[in-house]
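Below is the file protein.txt, which contains compact mmCIF, C-alpha atoms and all ligand atoms.
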# COMPACT_ATOMS: atom_id res chain seq x y z
CA MET Y 1 19.19 13.09 19.58
CA THR Y 2 18.67 9.35 19.76
CA THR Y 3 17.13 7.61 16.78
CA ALA Y 4 13.37 7.46 16.98
CA ARG Y 5 12.00 3.96 17.45
CA VAL Y 6 8.73 3.64 15.60
CA GLY Y 7 6.46 0.76 14.76
CA VAL Y 8 4.72 -0.41 11.63
CA LEU Y 9 1.50 -2.28 12.35
CA ALA Y 10 2.40 -5.60 10.74
CA LEU Y 11 -0.83 -7.59 10.79
CA GLN Y 12 -1.55 -7.32 7.04
CA GLY Y 13 -0.90 -4.99 4.12
CA ASP Y 14 2.06 -3.14 2.64
CA VAL Y 15 4.15 -3.40 5.77
CA ARG Y 16 7.49 -3.87 3.99
CA GLU Y 17 7.19 -0.61 2.03
CA HIS Y 18 6.55 1.44 5.19
CA VAL Y 19 9.45 -0.25 6.98
CA ALA Y 20 11.80 0.44 4.04
CA LEU Y 21 10.82 4.11 3.78
CA LEU Y 22 11.07 4.75 7.52
CA GLU Y 23 14.46 2.99 7.70
CA HIS Y 24 15.62 5.05 4.71
CA LEU Y 25 14.72 8.15 6.74
CA GLY Y 26 16.89 6.90 9.60
CA ALA Y 27 14.27 5.48 11.96
CA ASP Y 28 14.70 2.37 14.08
CA VAL Y 29 11.67 0.33 12.99
CA VAL Y 30 9.85 -2.44 14.84
CA ARG Y 31 7.18 -4.60 13.18
CA VAL Y 32 4.25 -4.56 15.59
CA ARG Y 33 2.13 -7.70 15.92
CA ARG Y 34 1.97 -8.04 19.70
CA PRO Y 35 1.33 -5.69 22.61
CA GLU Y 36 4.95 -6.29 23.78
CA GLU Y 37 6.22 -4.93 20.46
CA PHE Y 38 3.85 -1.99 20.55
CA ALA Y 39 5.10 -1.11 24.03
CA GLN Y 40 8.59 -0.46 22.58
CA VAL Y 41 7.63 2.23 20.05
CA HIS Y 42 7.00 5.98 20.15
CA GLY Y 43 4.97 6.23 16.96
CA LEU Y 44 3.01 3.90 14.70
CA ALA Y 45 2.52 3.70 10.93
CA LEU Y 46 -0.63 1.89 9.81
CA PRO Y 47 -0.22 0.44 6.32
CA GLY Y 48 -2.57 0.12 3.41
CA GLY Y 49 -4.15 -3.27 2.97
CA GLU Y 50 -7.59 -4.44 3.96
CA SER Y 51 -9.10 -2.61 6.91
CA THR Y 52 -11.57 -5.41 7.69
CA VAL Y 53 -8.66 -7.84 8.16
CA ILE Y 54 -6.50 -5.37 10.06
CA ASP Y 55 -9.45 -4.67 12.37
CA LYS Y 56 -10.10 -8.37 13.05
CA LEU Y 57 -6.46 -9.24 13.62
CA SER Y 58 -5.85 -6.23 15.85
CA ARG Y 59 -8.61 -7.46 18.13
CA GLN Y 60 -7.38 -11.06 18.03
CA PHE Y 61 -3.82 -9.97 18.81
CA GLU Y 62 -5.07 -7.71 21.63
CA LEU Y 63 -3.70 -4.57 20.05
CA GLN Y 64 -6.95 -2.63 19.73
CA HIS Y 65 -7.08 -1.37 23.31
CA PRO Y 66 -3.40 -0.43 23.61
CA ILE Y 67 -3.53 1.40 20.27
CA ARG Y 68 -6.68 3.30 21.26
CA ALA Y 69 -5.06 4.26 24.57
CA ALA Y 70 -1.92 5.47 22.79
CA ILE Y 71 -4.02 7.59 20.42
CA ARG Y 72 -5.71 9.22 23.42
CA GLU Y 73 -2.29 9.90 24.93
CA GLY Y 74 -1.10 11.65 21.75
CA MET Y 75 1.22 9.09 20.18
CA PRO Y 76 2.06 10.16 16.60
CA MET Y 77 0.49 7.90 13.98
CA LEU Y 78 0.40 7.87 10.20
CA GLY Y 79 -2.25 5.82 8.42
CA THR Y 80 -2.32 5.25 4.67
CA CYS Y 81 -5.42 3.98 2.89
CA ALA Y 82 -6.70 1.14 5.12
CA GLY Y 83 -4.65 2.90 7.83
CA LEU Y 84 -6.72 6.06 7.34
CA ILE Y 85 -9.86 3.95 7.76
CA MET Y 86 -8.47 2.52 10.99
CA LEU Y 87 -7.82 6.03 12.37
CA SER Y 88 -11.26 7.42 11.43
CA ASP Y 89 -13.90 8.00 14.10
CA GLY Y 90 -16.70 7.31 11.60
CA LEU Y 91 -16.87 4.77 8.78
CA ILE Y 92 -19.29 4.40 5.86
CA ASP Y 93 -19.47 1.17 3.82
CA GLY Y 94 -17.59 -0.94 6.32
CA ILE Y 95 -18.62 -4.58 6.68
CA ALA Y 96 -21.01 -5.64 9.46
CA GLY Y 97 -19.34 -5.25 12.83
CA GLN Y 98 -16.24 -3.53 11.45
CA GLN Y 99 -14.48 -1.38 14.05
CA THR Y 100 -11.81 1.29 13.84
CA PHE Y 101 -9.30 2.62 16.36
CA GLY Y 102 -10.61 6.16 15.78
CA GLY Y 103 -8.85 9.37 16.75
CA LEU Y 104 -9.46 11.45 13.64
CA ASP Y 105 -12.69 13.43 13.82
CA VAL Y 106 -13.72 12.44 10.31
CA LEU Y 107 -16.27 10.32 8.50
CA THR Y 108 -14.53 8.12 5.91
CA ARG Y 109 -16.07 6.11 3.10
CA ARG Y 110 -14.38 2.80 2.36
CA ASN Y 111 -13.78 1.86 -1.33
CA ALA Y 112 -15.06 5.29 -2.30
CA PHE Y 113 -13.84 5.31 -5.89
CA GLY Y 114 -15.98 3.46 -8.45
CA ARG Y 115 -14.76 0.37 -10.28
CA GLN Y 116 -13.26 2.21 -13.25
CA THR Y 117 -11.13 4.37 -11.04
CA GLU Y 118 -10.32 1.94 -8.29
CA SER Y 119 -6.67 2.65 -8.99
CA PHE Y 120 -5.22 5.85 -10.39
CA GLU Y 121 -2.49 8.39 -9.83
CA ALA Y 122 -2.82 12.12 -9.31
CA ALA Y 123 -0.48 15.02 -8.62
CA LEU Y 124 -1.63 16.92 -5.55
CA ASP Y 125 -0.66 20.29 -4.18
CA ILE Y 126 -0.13 19.96 -0.45
CA PRO Y 127 1.10 23.32 0.86
CA ALA Y 128 1.91 21.86 4.28
CA LEU Y 129 4.57 19.68 2.60
CA GLY Y 130 6.19 22.36 0.45
CA THR Y 131 5.92 23.43 -3.16
CA ALA Y 132 6.71 20.22 -5.07
CA PRO Y 133 3.46 18.40 -5.91
CA VAL Y 134 2.80 15.03 -4.31
CA ARG Y 135 2.46 12.06 -6.67
CA ALA Y 136 -0.36 10.10 -5.15
CA ALA Y 137 -1.28 6.48 -5.97
CA PHE Y 138 -4.87 5.56 -5.13
CA ILE Y 139 -5.63 1.83 -4.84
CA ARG Y 140 -9.23 1.13 -3.87
CA GLY Y 141 -8.79 4.04 -1.54
CA PRO Y 142 -11.22 5.64 0.88
CA VAL Y 143 -12.36 9.27 0.83
CA VAL Y 144 -13.01 11.54 3.78
CA GLU Y 145 -16.63 12.62 3.35
CA ASP Y 146 -16.87 14.82 6.40
CA VAL Y 147 -14.11 16.62 8.26
CA GLY Y 148 -15.16 17.39 11.84
CA THR Y 149 -14.21 20.53 13.70
CA ASP Y 150 -11.15 18.96 15.34
CA ALA Y 151 -9.54 17.71 12.11
CA VAL Y 152 -7.77 19.69 9.38
CA THR Y 153 -7.76 18.94 5.64
CA LEU Y 154 -4.25 18.42 4.26
CA ALA Y 155 -5.12 17.54 0.67
CA SER Y 156 -8.08 17.30 -1.68
CA LEU Y 157 -8.57 16.16 -5.25
CA PRO Y 158 -9.37 18.83 -7.88
CA ASP Y 159 -13.08 17.94 -7.47
CA GLY Y 160 -12.89 18.79 -3.78
CA ARG Y 161 -12.90 15.29 -2.31
CA VAL Y 162 -10.71 15.18 0.80
CA VAL Y 163 -7.88 12.65 0.65
CA ALA Y 164 -5.56 13.63 3.50
CA VAL Y 165 -6.30 14.94 7.00
CA GLU Y 166 -4.51 15.53 10.24
CA GLN Y 167 -5.44 16.16 13.82
CA GLY Y 168 -2.81 16.77 16.45
CA ASN Y 169 -0.29 13.96 16.05
CA LEU Y 170 -2.49 11.84 13.78
CA MET Y 171 -2.29 11.88 9.99
CA GLY Y 172 -4.50 9.89 7.64
CA ILE Y 173 -4.18 9.74 3.88
CA SER Y 174 -6.20 7.92 1.19
CA PHE Y 175 -3.23 7.13 -1.01
CA HIS Y 176 0.15 5.39 -0.70
CA PRO Y 177 3.24 7.62 -0.47
CA GLU Y 178 5.20 4.51 0.51
CA LEU Y 179 4.65 3.16 -3.03
CA THR Y 180 5.69 6.26 -4.99
CA GLY Y 181 8.86 7.25 -3.14
CA GLU Y 182 7.12 10.24 -1.53
CA ALA Y 183 8.86 10.61 1.83
CA ARG Y 184 7.46 13.88 3.18
CA PHE Y 185 4.51 12.41 5.08
CA HIS Y 186 6.76 9.88 6.79
CA GLN Y 187 9.28 12.61 7.59
CA ARG Y 188 6.48 14.75 9.09
CA PHE Y 189 5.48 11.72 11.19
CA LEU Y 190 9.06 11.17 12.36
CA ASP Y 191 9.41 14.90 13.17
CA ARG Y 192 6.37 14.58 15.43
CA VAL Y 193 7.86 11.55 17.15
CA ALA Y 194 11.13 13.44 17.68
CA ALA Y 195 9.29 16.52 18.98
CA ARG Y 196 7.72 14.46 21.75
CA GLY Y 197 11.22 13.51 22.96
N1 LIG Y 201 -10.19 -1.13 0.33
C1 LIG Y 201 -9.28 -1.28 1.41
C2 LIG Y 201 -10.00 -1.32 2.76
O1 LIG Y 201 -11.17 -1.28 2.83
C3 LIG Y 201 -8.23 -0.20 1.44
C4 LIG Y 201 -7.34 -0.31 0.22
C5 LIG Y 201 -5.91 -0.05 0.48
O2 LIG Y 201 -5.47 0.07 1.63
N2 LIG Y 201 -5.14 -0.02 -0.57
O3 LIG Y 201 -9.36 -1.40 3.76
What is this file in structure tokens?
Amino acid sequence: MTTARVGVLALQGDVREHVALLEHLGADVVRVRRPEEFAQVHGLALPGGESTVIDKLSRQFELQHPIRAAIREGMPMLGTCAGLIMLSDGLIDGIAGQQTFGGLDVLTRRNAFGRQTESFEAALDIPALGTAPVRAAFIRGPVVEDVGTDAVTLASLPDGRVVAVEQGNLMGISFHPELTGEARFHQRFLDRVAARG
């Protein structure tokens, strides 16, 4: 099998951490800022950062339409934190005019954790990833408030709030596995890319 070539959307956010983790897993990684770069990849990781900025820049750099088209065509994508927001069909507490790429049939609330708990860590059981718990770092993360019929919950907090979802080849998570050395989501993403050939 040839090495999967995947992209990391490199407009803003924790791009370097996603690149490092994907390279560690053996992927050939392209930083995507332009449509020409996006055209070279078979999967896309969308980093954490600031979704309002990523949205604006993706429109300025003419990536919004190609990314939406790729989502419709089934390209595997993994969004963390702001990346989850970008992949959500519905958004609560966005700024005026904020847009998403969509693809996940979910309604996501931006900055959903109150001030005191803007950042925290939790150990989550995620059966789809095996028995070892996932150490999850939440940094001003969003929460999925409504999971539509087409999407599946991957992980929730003990209080029931949904923090990871998937739908077909799309995965969106509220926290940052790329910051805690948790590689299983990225491996799952690369497996999907490989499965498409
Ligand atoms: N609050 C950020 C946003 O609205 C997300 C935070 C993050 O990605 N760490 O996009």
Review point. Hey, can you check how far CA of Ser174 in chain Y sits from CA of Gln40 in chain Y?
Key: 27.3 Å
Exercise for review: Produce as a PyMOL selection string the set of residues near ligand LIG 201 (chain Y), where near means within 12 Å with only C-alpha atoms and all ligand atoms considered.
Suggested key: chain Y and resi 12-15+46-56+79-88+91-95+98-100+108-115+118-120+137-143+172-179
Check your understanding: Pick from Y:Thr3, Y:Met75, Y:Arg31, Y:Ala10: nearest to Arg196 in chain Y, with only C-alpha atoms counted?
Key ->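 The answer is Y:Met75, which sits nearest to Arg196 in chain Y.
Relative to CA of Ala70 in chain Y, CA of Asn169 in chain Y is found at 11.0 Å.
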Review point. Y:Val6, Y:Leu78, Y:Leu190, Y:Leu104: which is nearest Phe38 in chain Y, counting all atoms listed in the file?
Key: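 That would be Y:Val6, the residue with the smallest distance to Phe38 in chain Y.
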Point to revise | Residue among Y:Gly97, Y:Gly26, Y:Gly130, Y:Gly43 lying closest to Ile67 in chain Y, counting all atoms listed in the file | key: Y:Gly43
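Remark: for Ala122 in chain Y, the closest of the candidate residues Y:Asp28, Y:Asp89, Y:Asp159, Y:Asp191 is Y:Asp159 (distances computed over only C-alpha atoms).
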